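A.B. asks: Below are the structure tokens for one structure; questions will follow.
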Amino acid sequence: MTAPRDPSPRRPHHPADAERLDPRALADSRRAAMRRRIQRIRRTVAGSALAIFAAAFLAVSSSVGTASSSSSSAAAGTVPSSSSESSRSSSAEATGGESSGSSGSGESGESSSATAVTTSQS
Amino acid sequence: MIDQATILAAAAGGTHLFWITSRAAGIAALLLSSVSVCMGLLMGGRLLKRRGADLRAAHEALSLSALVALAVHGLSLLGDSYLHPSLGEVAIPFLGAYKTVWTGVGIVAFWMMLILGLSYYARARIGVSRWRRLHRLTALAWILGIAHSLGEGGDAGKAWFLAMTGVVVIPALALLAARWLGSSRESRSRTAAPSAGARPVRAVR
């Protein structure tokens, strides 16, 4: 029932055996392996960079969204159309940022942003 | 958690897309450059003796990713309707009206990182030892970048940002301090060695 044994046991065949004999082939295979490894590292780093960017994007947008919701609840009914812009300026100011004040688009939200800053700071 | 964030991103994305993109790219650049500085210091200080080629590849890929993130960080501001900066204000230091000093520091850091980083590909022309001396200035550019992010960054006061920055910046700063201390000791021992070696010769004469 057992498998017939080989009367002359040989060393197990290894794919590198042939290459061991040829130093040029060995060097080529090592170089190719290194190239593959470097490609893998580059892909991993690029993927990680994209993942970090995506995570940061979500974190920042959630913080902007939180500021937006707090400012819109603070200024509810007063300036509904510019709630997002006021949240932007309020989030910048609440974190130590300063409003440029040069842009005309943000001026309508200035009054509500002041309310939002005091609300978020308190 | 992710769903909520996605919804918030979608909600905020309409008006703040460029602003959020710029901030996210800045955070990514800070993380990537800090890890890259760590790897460079590990390589240069020969603290990791094995896998030198792997470390070099990772260092290069991280540096290029950080440069791309920095480019996105600056260029995405061009689309922002609130700040509405010009290309000159984004590219030339101390020109913009918004937080002039900190923005200028960030722009200087970016140009330093870009020039010093890409000089790697011209090191044969520059000369390897001269390039190595130049490359040390990258640490200064990185420190300027940290100062920019803490001084200007919209998220600088937030706990999650400080914790995340600390996790990557503190080890790199420790490695940098170890390198500076080591190199100053080395230079002191080098200046001491020739005088010690010269004494017997003088005694013979």
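Letters A, B, ... mark the chains of the structure tokens in the order given; residue numbers begin at 1 per chain; ligand numbers begin at 1, in order shown.
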Could you give me, as a PyMOL selection string, the residues within 7 Å of range 156-170 of chain B, counting only C-alpha atoms and dropping anything in the same chain fewer than 2 positions from it?
C.D. replies: (chain A and resi 95) or (chain B and resi 31+34-35+149-150+153-154+172-174)
A.B. asks: Keeping only C-alpha atoms, write the selected residues as an mmCIF file, in the first residue's frame.
C.D. replies:
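Okay, this is what ended up in out_6.cif:
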data_model
loop_
_atom_site.group_PDB
_atom_site.id
_atom_site.type_symbol
_atom_site.label_atom_id
_atom_site.label_comp_id
_atom_site.auth_asym_id
_atom_site.auth_seq_id
_atom_site.Cartn_x
_atom_site.Cartn_y
_atom_site.Cartn_z
ATOM 1 C CA THR A 95 -8.850 77.544 15.638
ATOM 2 C CA LEU B 31 2.819 63.011 8.098
ATOM 3 C CA SER B 34 7.935 63.367 9.017
ATOM 4 C CA VAL B 35 8.108 59.641 8.302
ATOM 5 C CA SER B 149 1.362 73.877 10.338
ATOM 6 C CA LEU B 150 1.280 74.796 14.021
ATOM 7 C CA GLY B 153 -2.954 75.422 10.419
ATOM 8 C CA GLY B 154 -6.690 75.495 10.850
ATOM 9 C CA ALA B 172 11.864 62.372 14.057
ATOM 10 C CA LEU B 173 12.933 65.242 16.307
ATOM 11 C CA ALA B 174 14.556 62.760 18.701
#
A.B. asks: Hey, list the chain B side of the contact with chain A: 7 Å cut-off, only C-alpha atoms, answer as JSON, numbers by chain.
C.D. replies: {"B": [5, 6, 8, 9, 12, 20, 21, 24, 25, 27, 28, 54, 57, 58, 61, 62, 65, 82, 83, 98, 152, 154, 155, 156, 157]}
A.B. asks: Among range 23-201 of chain B, which residues carry a DSSP assignment of helix (DSSP H, G or I), reported as a ChimeraX atom specification?
C.D. replies: /B:23-44,52-79,87-91,100-126,128-135,137-152,159-201
A.B. asks: Excluding Arg133 in chain B and any residue of its chain fewer than 4 positions from it, enumerate the residues within 12 Å of it, using only C-alpha atoms, and give them as a list in words.
C.D. replies: Gly44, Leu116, Ser119, Tyr120, Arg123, Ile126, Gly127, Val128, Ser129, Leu137, Thr138 and Ala139 of chain B
A.B. asks: Pull N, CA and C atoms from the residues just selected and write them as a PDB file, in the first residue's frame.
C.D. replies:
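Dumped to out-v9.pdb:
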ATOM      1  N   GLY B  44      20.891  57.462   7.367  1.00  0.00           N
ATOM      2  CA  GLY B  44      22.130  58.234   7.448  1.00  0.00           C
ATOM      3  C   GLY B  44      22.908  57.941   8.718  1.00  0.00           C
ATOM      4  N   LEU B 116      15.729  70.711  -2.596  1.00  0.00           N
ATOM      5  CA  LEU B 116      16.642  69.762  -1.946  1.00  0.00           C
ATOM      6  C   LEU B 116      16.241  68.322  -2.234  1.00  0.00           C
ATOM      7  N   SER B 119      17.072  67.462  -5.880  1.00  0.00           N
ATOM      8  CA  SER B 119      18.513  67.491  -6.147  1.00  0.00           C
ATOM      9  C   SER B 119      19.127  66.088  -6.046  1.00  0.00           C
ATOM     10  N   TYR B 120      18.392  65.164  -5.449  1.00  0.00           N
ATOM     11  CA  TYR B 120      18.849  63.757  -5.375  1.00  0.00           C
ATOM     12  C   TYR B 120      19.144  63.217  -6.770  1.00  0.00           C
ATOM     13  N   ARG B 123      22.588  64.370  -8.119  1.00  0.00           N
ATOM     14  CA  ARG B 123      23.693  64.322  -7.152  1.00  0.00           C
ATOM     15  C   ARG B 123      25.023  63.958  -7.802  1.00  0.00           C
ATOM     16  N   ILE B 126      26.160  67.311  -8.929  1.00  0.00           N
ATOM     17  CA  ILE B 126      26.487  68.193  -7.792  1.00  0.00           C
ATOM     18  C   ILE B 126      27.735  67.695  -7.067  1.00  0.00           C
ATOM     19  N   GLY B 127      27.879  66.403  -7.029  1.00  0.00           N
ATOM     20  CA  GLY B 127      28.945  65.794  -6.216  1.00  0.00           C
ATOM     21  C   GLY B 127      28.302  65.196  -4.967  1.00  0.00           C
ATOM     22  N   VAL B 128      28.622  63.926  -4.708  1.00  0.00           N
ATOM     23  CA  VAL B 128      27.872  63.211  -3.666  1.00  0.00           C
ATOM     24  C   VAL B 128      28.072  63.834  -2.285  1.00  0.00           C
ATOM     25  N   SER B 129      29.324  64.183  -1.958  1.00  0.00           N
ATOM     26  CA  SER B 129      29.566  64.717  -0.607  1.00  0.00           C
ATOM     27  C   SER B 129      28.929  66.101  -0.450  1.00  0.00           C
ATOM     28  N   LEU B 137      19.986  70.180   4.932  1.00  0.00           N
ATOM     29  CA  LEU B 137      19.085  71.329   5.076  1.00  0.00           C
ATOM     30  C   LEU B 137      17.613  70.929   4.966  1.00  0.00           C
ATOM     31  N   THR B 138      17.359  69.728   4.453  1.00  0.00           N
ATOM     32  CA  THR B 138      15.976  69.255   4.357  1.00  0.00           C
ATOM     33  C   THR B 138      15.330  69.214   5.735  1.00  0.00           C
ATOM     34  N   ALA B 139      16.139  68.889   6.747  1.00  0.00           N
ATOM     35  CA  ALA B 139      15.608  68.862   8.118  1.00  0.00           C
ATOM     36  C   ALA B 139      15.123  70.249   8.531  1.00  0.00           C
TER      37      ALA B 139
END
